[in-house]
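**Q** File coords.cif below, mmCIF, C-alpha atoms and all ligand atoms:
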data_target
#
loop_
_atom_site.label_atom_id
_atom_site.label_comp_id
_atom_site.auth_asym_id
_atom_site.auth_seq_id
_atom_site.Cartn_x
_atom_site.Cartn_y
_atom_site.Cartn_z
CA MET A 190 92.94 94.24 53.62
CA SER A 191 89.79 95.50 51.97
CA SER A 192 86.52 94.19 53.42
CA LYS A 193 84.71 94.89 50.16
CA LYS A 194 82.28 92.16 49.10
CA PRO A 195 83.58 90.24 46.11
CA SER A 196 82.13 91.40 42.82
CA LYS A 197 79.37 89.32 41.24
CA VAL A 198 81.08 89.69 37.92
CA ILE A 199 84.53 88.33 37.34
CA GLU A 200 86.66 89.80 34.60
CA GLY A 201 88.55 87.46 32.26
CA GLN A 202 91.66 86.30 34.08
CA GLU A 203 90.20 85.69 37.53
CA GLU A 204 87.50 83.30 36.51
CA THR A 205 87.41 80.04 38.53
CA GLU A 206 87.72 77.46 35.79
CA ALA A 207 90.77 79.26 34.47
CA LEU A 208 92.63 78.26 37.62
CA VAL A 209 92.04 74.60 36.90
CA LEU A 210 92.42 74.65 33.15
CA GLY A 211 95.27 77.13 33.24
CA GLU A 212 94.73 80.23 31.15
CA GLU A 213 97.86 79.37 29.19
CA LEU A 214 96.26 76.18 27.88
CA ARG A 215 93.00 77.74 26.74
CA PRO A 216 92.72 77.87 22.94
CA ALA A 217 92.55 81.43 21.64
CA ARG A 218 91.64 80.67 18.00
CA TRP A 219 89.18 78.31 16.32
CA GLU A 220 92.11 76.44 14.72
CA GLU A 221 93.51 75.67 18.16
CA TYR A 222 90.23 74.27 19.48
CA ILE A 223 90.23 70.51 18.91
CA GLY A 224 87.02 68.47 18.53
CA GLN A 225 83.31 69.41 18.88
CA GLU A 226 83.44 69.95 15.10
CA ILE A 227 79.70 70.33 14.50
CA ILE A 228 79.28 72.88 17.27
CA LYS A 229 82.32 74.77 16.01
CA GLU A 230 80.95 74.93 12.47
CA ASN A 231 77.52 76.08 13.66
CA LEU A 232 79.07 78.78 15.82
CA GLN A 233 81.33 80.01 13.05
CA ILE A 234 78.33 80.41 10.72
CA LEU A 235 76.27 82.11 13.41
CA LEU A 236 79.03 84.59 14.21
CA ARG A 237 79.93 85.31 10.62
CA ALA A 238 76.31 85.85 9.58
CA ALA A 239 75.74 88.24 12.48
CA LYS A 240 78.90 90.15 11.59
CA GLU A 241 77.90 90.42 7.92
CA ARG A 242 74.52 91.81 8.95
CA GLY A 243 76.25 94.23 11.29
CA GLY A 244 74.33 92.82 14.25
CA LEU A 245 75.08 90.87 17.41
CA PRO A 246 75.13 87.07 17.65
CA GLU A 247 72.00 85.72 19.33
CA HIS A 248 71.97 84.14 22.80
CA ILE A 249 73.53 80.68 23.06
CA LEU A 250 73.32 77.90 25.68
CA PHE A 251 75.99 75.20 26.04
CA TYR A 252 75.37 72.06 28.05
CA GLY A 253 77.14 68.82 28.86
CA PRO A 254 79.31 67.17 31.51
CA PRO A 255 81.94 69.29 33.31
CA GLY A 256 85.31 69.89 31.71
CA LEU A 257 84.35 69.52 28.05
CA GLY A 258 85.01 73.14 27.12
CA LYS A 259 81.78 75.15 27.56
CA THR A 260 83.59 78.09 29.16
CA THR A 261 86.42 77.72 26.66
CA LEU A 262 83.94 78.11 23.79
CA ALA A 263 82.55 81.27 25.39
CA HIS A 264 86.09 82.70 25.67
CA LEU A 265 86.72 81.78 22.05
CA ILE A 266 83.56 83.54 20.89
CA SER A 267 84.64 86.61 22.82
CA LYS A 268 88.16 86.55 21.35
CA GLU A 269 87.11 85.77 17.79
CA THR A 270 84.45 88.49 17.72
CA GLY A 271 86.63 90.98 19.60
CA ARG A 272 83.84 91.60 22.10
CA ALA A 273 84.48 92.03 25.82
CA MET A 274 83.04 89.29 28.04
CA LYS A 275 81.74 89.70 31.57
CA ILE A 276 81.63 86.44 33.50
CA THR A 277 79.30 85.47 36.30
CA SER A 278 77.42 82.39 37.48
CA GLY A 279 73.95 81.34 38.58
CA PRO A 280 74.81 81.02 42.28
CA ALA A 281 76.64 84.39 42.32
CA ILE A 282 73.45 86.20 41.30
CA GLU A 283 71.55 86.14 44.57
CA LYS A 284 69.09 88.98 44.12
CA VAL A 285 67.22 90.59 41.25
CA GLY A 286 69.31 93.69 41.99
CA ASP A 287 72.54 91.75 41.29
CA LEU A 288 71.36 90.87 37.81
CA ALA A 289 69.99 94.38 37.20
CA SER A 290 73.37 95.84 38.11
CA ILE A 291 75.26 93.41 35.84
CA LEU A 292 72.95 94.11 32.90
CA THR A 293 72.94 97.88 33.24
CA ASN A 294 76.75 97.93 33.49
CA LEU A 295 77.24 96.14 30.16
CA ALA A 296 78.56 98.17 27.25
CA ALA A 297 76.85 97.90 23.87
CA GLY A 298 77.99 94.73 22.11
CA ASP A 299 79.36 93.02 25.24
CA ILE A 300 79.03 89.32 25.90
CA LEU A 301 77.63 88.21 29.24
CA PHE A 302 78.59 84.67 30.25
CA ILE A 303 76.51 82.99 32.96
CA ASP A 304 77.95 79.68 34.13
CA GLU A 305 75.73 77.17 35.97
CA ILE A 306 72.67 78.99 34.70
CA HIS A 307 70.42 76.23 36.09
CA ARG A 308 71.11 77.66 39.55
CA LEU A 309 69.42 81.00 38.89
CA ASN A 310 66.30 81.35 40.96
CA LYS A 311 62.86 81.82 39.43
CA SER A 312 62.40 85.52 40.23
CA ILE A 313 65.79 86.33 38.69
CA GLU A 314 65.01 84.23 35.62
CA GLU A 315 61.91 86.32 35.07
CA VAL A 316 64.01 89.47 34.87
CA LEU A 317 66.22 87.78 32.32
CA TYR A 318 63.36 86.94 29.90
CA PRO A 319 62.59 90.51 28.71
CA ALA A 320 66.29 91.35 28.82
CA MET A 321 67.00 88.50 26.40
CA GLU A 322 63.96 89.02 24.23
CA SER A 323 63.62 92.74 23.84
CA GLY A 324 66.64 94.23 25.59
CA THR A 325 64.62 95.74 28.40
CA LEU A 326 64.84 95.55 32.14
CA ASP A 327 61.52 95.59 33.99
CA ILE A 328 61.95 96.77 37.55
CA ILE A 329 59.15 96.77 40.10
CA ILE A 330 59.31 99.73 42.46
CA GLY A 331 57.42 99.68 45.74
CA LYS A 332 55.10 97.05 47.18
CA GLY A 333 51.39 96.28 47.23
CA PRO A 334 48.83 98.43 45.40
CA SER A 335 51.24 101.32 44.90
CA ALA A 336 53.86 99.12 43.19
CA ARG A 337 54.72 100.14 39.65
CA THR A 338 56.98 98.85 36.94
CA ILE A 339 59.57 100.92 35.20
CA GLN A 340 61.22 99.77 32.03
CA LEU A 341 64.87 100.46 31.27
CA GLU A 342 66.42 100.10 27.84
CA LEU A 343 69.55 97.88 28.07
CA PRO A 344 72.64 98.12 25.87
CA PRO A 345 72.48 95.39 23.20
CA PHE A 346 74.33 92.28 24.40
CA THR A 347 74.78 88.56 23.73
CA LEU A 348 74.11 86.10 26.52
CA LEU A 349 76.22 82.95 26.54
CA ALA A 350 75.33 80.44 29.21
CA ALA A 351 76.50 77.02 30.33
CA THR A 352 75.01 74.23 32.37
CA THR A 353 75.78 70.67 33.35
CA ARG A 354 72.06 70.09 33.99
CA VAL A 355 70.01 71.16 31.03
CA ALA A 356 66.90 69.41 32.37
CA SER A 357 67.01 71.85 35.31
CA VAL A 358 66.87 74.88 32.99
CA SER A 359 63.21 75.86 32.71
CA SER A 360 61.74 75.55 29.24
CA PRO A 361 60.80 79.27 28.99
CA LEU A 362 64.45 80.13 29.65
CA ARG A 363 65.77 77.46 27.27
CA SER A 364 63.52 78.69 24.47
CA ARG A 365 65.00 82.18 24.67
CA PHE A 366 68.41 81.00 23.52
CA SER A 367 67.51 81.86 19.94
CA GLY A 368 71.07 81.33 18.67
CA GLY A 369 70.97 77.68 19.69
CA VAL A 370 71.26 75.14 22.47
CA PHE A 371 74.40 73.05 21.96
CA ARG A 372 75.30 69.80 23.68
CA LEU A 373 79.04 69.16 24.07
CA GLU A 374 80.06 65.55 23.53
CA PHE A 375 82.84 63.53 25.09
CA TYR A 376 86.04 63.70 23.01
CA SER A 377 87.63 60.76 21.20
CA GLU A 378 90.91 59.37 22.50
CA GLU A 379 92.67 60.76 19.39
CA GLU A 380 91.30 64.25 20.05
CA ILE A 381 92.41 64.14 23.68
CA GLU A 382 95.85 63.00 22.57
CA LYS A 383 96.10 66.05 20.30
CA ILE A 384 94.98 68.32 23.15
CA VAL A 385 97.59 66.83 25.51
CA LYS A 386 100.32 67.19 22.85
CA ARG A 387 99.39 70.84 22.40
CA SER A 388 99.37 71.41 26.18
CA ALA A 389 102.74 69.68 26.64
CA LYS A 390 104.21 71.95 23.99
CA ILE A 391 102.79 75.09 25.62
CA LEU A 392 104.13 73.98 29.02
CA GLY A 393 107.53 73.30 27.45
CA LEU A 394 107.57 69.60 28.43
CA LYS A 395 109.76 66.99 26.81
CA THR A 396 107.66 63.90 26.19
CA ASP A 397 108.06 60.83 24.02
CA GLY A 398 104.48 60.36 22.81
CA SER A 399 103.80 57.45 25.18
CA ALA A 400 102.95 59.86 28.02
CA GLU A 401 100.31 61.63 25.91
CA ARG A 402 98.79 58.30 24.89
CA GLU A 403 98.61 57.03 28.45
CA ILE A 404 97.02 60.26 29.69
CA SER A 405 94.45 60.27 26.92
CA LYS A 406 93.51 56.64 27.68
CA ARG A 407 92.70 57.57 31.27
CA SER A 408 91.32 61.07 30.93
CA ARG A 409 87.59 60.22 30.79
CA PHE A 410 87.46 61.73 27.27
CA THR A 411 87.62 65.13 29.00
CA PRO A 412 90.17 67.86 28.20
CA ARG A 413 90.14 69.37 31.69
CA THR A 414 90.97 65.99 33.24
CA ALA A 415 93.65 65.35 30.61
CA ASN A 416 95.35 68.69 31.29
CA TYR A 417 95.14 68.08 35.03
CA PHE A 418 96.77 64.65 34.66
CA LEU A 419 99.47 66.11 32.43
CA LYS A 420 100.37 68.68 35.08
CA ARG A 421 100.42 66.11 37.89
CA ALA A 422 102.58 63.76 35.81
CA ARG A 423 104.91 66.69 35.08
CA ASP A 424 105.22 67.38 38.83
CA PHE A 425 105.92 63.71 39.51
CA ALA A 426 108.56 63.52 36.78
CA GLN A 427 110.19 66.71 38.06
CA VAL A 428 110.32 65.66 41.73
CA HIS A 429 111.52 62.10 40.99
CA LYS A 430 113.86 63.30 38.23
CA GLN A 431 112.22 60.93 35.74
CA ASP A 432 111.43 61.29 32.04
CA LEU A 433 107.83 62.15 31.30
CA ASP A 434 106.83 58.84 29.73
CA GLN A 435 104.14 56.19 30.02
CA GLU A 436 105.64 54.69 33.16
CA THR A 437 105.88 58.00 34.99
CA VAL A 438 102.30 58.83 34.02
CA GLY A 439 101.23 55.45 35.38
CA ARG A 440 102.99 56.04 38.70
CA ALA A 441 101.69 59.59 39.05
CA LEU A 442 98.11 58.53 38.35
CA LYS A 443 98.35 55.52 40.65
CA LEU A 444 99.27 57.92 43.44
CA LEU A 445 96.12 59.91 42.64
CA GLY A 446 94.04 56.71 42.83
CA ILE A 447 93.19 56.78 39.13
CA ASP A 448 92.85 53.31 37.62
CA GLU A 449 93.75 52.08 34.13
CA VAL A 450 90.52 53.34 32.52
CA GLY A 451 90.48 56.64 34.41
CA LEU A 452 88.07 55.84 37.25
CA SER A 453 88.64 57.76 40.47
CA PRO A 454 88.25 56.27 43.95
CA SER A 455 84.75 57.81 44.17
CA ASP A 456 83.71 56.18 40.88
CA ARG A 457 84.85 52.79 42.10
CA ARG A 458 83.14 53.27 45.45
CA LEU A 459 79.90 53.98 43.58
CA LEU A 460 80.22 50.76 41.55
CA GLU A 461 81.07 48.75 44.68
CA THR A 462 78.16 50.24 46.62
CA ILE A 463 75.65 49.30 43.92
CA ALA A 464 77.14 45.79 43.81
CA HIS A 465 77.42 45.09 47.53
CA LYS A 466 74.66 47.13 49.17
CA PHE A 467 72.00 47.00 46.45
CA SER A 468 72.65 43.62 44.79
CA GLY A 469 73.68 45.34 41.57
CA GLY A 470 70.60 47.59 41.43
CA PRO A 471 68.39 49.08 40.29
CA VAL A 472 68.76 51.63 43.05
CA GLY A 473 67.25 55.12 43.10
CA LEU A 474 69.55 58.14 43.02
CA GLY A 475 68.44 59.39 46.45
CA THR A 476 69.09 56.04 48.11
CA LEU A 477 72.46 55.69 46.41
CA ALA A 478 73.47 59.23 47.40
CA ALA A 479 72.54 58.52 51.03
CA ALA A 480 74.55 55.28 51.05
CA LEU A 481 77.59 57.11 49.66
CA SER A 482 77.10 60.27 51.81
CA GLU A 483 77.29 62.23 48.59
CA GLU A 484 75.10 64.90 47.02
CA GLU A 485 72.76 63.62 44.30
CA ALA A 486 73.95 66.41 41.99
CA THR A 487 77.60 65.39 42.42
CA ILE A 488 76.81 61.82 41.45
CA GLU A 489 74.71 62.91 38.46
CA GLU A 490 77.15 65.52 37.18
CA PHE A 491 80.58 64.13 37.99
CA ASN A 492 80.40 60.35 38.27
CA GLU A 493 77.55 59.11 36.15
CA PRO A 494 78.20 60.60 32.70
CA TYR A 495 81.52 58.79 32.31
CA LEU A 496 80.36 55.57 33.99
CA ILE A 497 77.41 55.45 31.60
CA GLN A 498 79.59 56.36 28.61
CA MET A 499 81.91 53.47 29.53
CA GLY A 500 78.94 51.09 29.87
CA LEU A 501 79.73 50.34 33.54
CA ILE A 502 76.32 51.39 34.84
CA GLU A 503 72.89 51.82 33.31
CA ARG A 504 70.27 54.42 34.15
CA THR A 505 66.77 52.99 33.97
CA PRO A 506 63.42 54.43 35.10
CA ARG A 507 63.73 52.24 38.23
CA GLY A 508 67.20 53.49 39.12
CA ARG A 509 70.87 52.78 38.53
CA SER A 510 72.13 49.26 37.80
CA LEU A 511 75.54 47.75 37.37
CA THR A 512 76.20 46.24 33.94
CA SER A 513 78.22 43.09 33.29
CA HIS A 514 81.19 45.35 32.46
CA GLY A 515 80.67 47.14 35.77
CA TYR A 516 80.87 43.84 37.69
CA LYS A 517 83.99 42.80 35.80
CA HIS A 518 85.68 46.14 36.35
CA ILE A 519 85.55 45.79 40.12
CA GLY A 520 86.70 42.19 39.95
CA LEU A 521 83.37 40.47 40.64
CA SER A 522 81.82 37.66 38.68
CA VAL A 523 78.86 38.61 36.50
CA PRO A 524 75.51 37.43 37.95
CA LYS A 525 73.50 34.85 35.98
CA ASN A 526 70.70 37.23 34.92
CA LEU A 527 73.21 39.59 33.30
CA GLN A 528 75.09 36.74 31.63
CA GLU A 529 71.83 35.66 29.98
CA LYS A 530 71.28 39.22 28.81
CA LEU A 531 74.64 39.05 27.07
CA LEU A 532 73.70 35.98 24.98
N1 LIG B 1 91.71 72.73 26.07
C1 LIG B 1 90.49 72.47 26.58
N2 LIG B 1 89.65 72.12 25.62
C2 LIG B 1 90.34 72.14 24.46
C3 LIG B 1 90.00 71.86 23.13
N3 LIG B 1 88.79 71.45 22.78
N4 LIG B 1 90.97 72.00 22.20
C4 LIG B 1 92.19 72.39 22.57
N5 LIG B 1 92.55 72.65 23.80
C5 LIG B 1 91.65 72.53 24.75
#
Let me see whether you can do it: turn the structure in this file into structure tokens.
**A**
Amino acid sequence: MSSKKPSKVIEGQEETEALVLGEELRPARWEEYIGQEIIKENLQILLRAAKERGGLPEHILFYGPPGLGKTTLAHLISKETGRAMKITSGPAIEKVGDLASILTNLAAGDILFIDEIHRLNKSIEEVLYPAMESGTLDIIIGKGPSARTIQLELPPFTLLAATTRVASVSSPLRSRFSGGVFRLEFYSEEEIEKIVKRSAKILGLKTDGSAEREISKRSRFTPRTANYFLKRARDFAQVHKQDLDQETVGRALKLLGIDEVGLSPSDRRLLETIAHKFSGGPVGLGTLAAALSEEEATIEEFNEPYLIQMGLIERTPRGRSLTSHGYKHIGLSVPKNLQEKLL
């Protein structure tokens, strides 16, 4: 086996999210991409205008909770514009030299996609600024008084980037995404149902409509989760020689610990911890993370967006609190102070 260090840039097919989403399910045309209509329209105008001018689309940043299709949009832009895309991520770029090598190896017109861009460190970000603004790479050679800067001309490129934590992207970096900063929204249940129907068709599954509905009800308004549930329900149906219907979906998801509104065991543990250990809150993120033995970032990125969207918890300046719905969901009676708030 080769002992070569893995490349910092991953070409198309090997990219990590693709393993979860399944390359076969990724939309390849605008017409196949369901939902996020406003973003789609803005992107189509941006790309068409750039093409008509004979130039490149400007740099674009996508943000929002995981699984909503940020990477998928980047792939779509690459496919629809016929431009090659190099894929990397914030944590994969460890040194200034890594970024310099990625940038100098781009061909004119390429797209560079940086996932988790909030994890780029400051000194690397500073190399990115002139690259984004004027297509130059400033490299410092030597140290101390004899250090000098040389400037390299880069091939013209478009940077697409994604983050789940836009507040952690510094404002100088954010402001350089001159093509736009787009926030992806949760999908509606109807949109998820359409996505699951499309996926079932691609996977060649025989369903009766009730399976798609049940999956979309529990999928946290998130396509990646919906496609994951569809595949697990397919496995369950196959192994137990059952039809892929609402009941089979229910049994498959029960086995995964997913409840009727799509909460995972870790979501429910979070609600129960706020209720039992912190009297319903408010509790600060750090304290909550310690009580759950979880990373703060995991709670913020994976659990909270959906719990807030569902109105089960509230985020206030003093911390996280359980709402009356949150209490009810875990089978507890709603405390007096929250009942009064409801009146
Ligand atoms: N798969 C993941 N996201 C999708 C979307 N928005 N439309 C269709 N299929 C998808």
**Q** Kindly provide, as a ChimeraX atom specification, all nucleotide and amino acid residues lying within 9 Å of ligand LIG 1 (chain B), counting only C-alpha atoms and all ligand atoms.
**A** /A:210,214-216,219-225,256-259,261-262,376,380-381,383-385,387-388,411-413,415-416
**Q** For Leu349 in chain A, which residue out of A:Glu241, A:Glu483, A:Asp424, A:Asp304 is the nearest one, using all atoms listed in the file?
**A** A:Asp304
**Q** Quick one, how far is CA of Phe346 in chain A from CA of Ala297 in chain A?
**A**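 Pair CA of Phe346 in chain A / CA of Ala297 in chain A returns 6.2 Å.
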**Q** Could you give me, as a list in words, the residues within 8 Å of Val370 in chain A, counting all atoms listed in the file and dropping anything in the same chain fewer than 6 positions from it?
**A** Ile249, Leu250, Phe251, Tyr252 and Arg363 of chain A
**Q** Which is closer to His248 in chain A than all the others in A:Thr325, A:Ser357, A:Gln498, A:Ser364, using only C-alpha atoms?
**A**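 Residue with the minimum atom-to-atom distance to His248 in chain A: A:Ser364.
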**Q** Using only C-alpha atoms, can you tell me which of A:Gly451, A:Pro246, A:Gly508, A:Gly398 comes closest to Thr414 in chain A?
**A**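 Nearest to Thr414 in chain A: A:Gly451.
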**Q** Can you measure CA of Gly475 in chain A to CA of Ile463 in chain A for me? One decimal in Å is fine.
**A** 12.7 Å
**Q** Check the smallest atom-to-atom distance from each of A:Lys466, A:His429, A:Arg457, A:Arg308 to Leu501 in chain A using all atoms listed in the file, then report the winner.
**A**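 Once distances to Leu501 in chain A are computed over all atoms listed in the file, the minimum belongs to A:Arg457.
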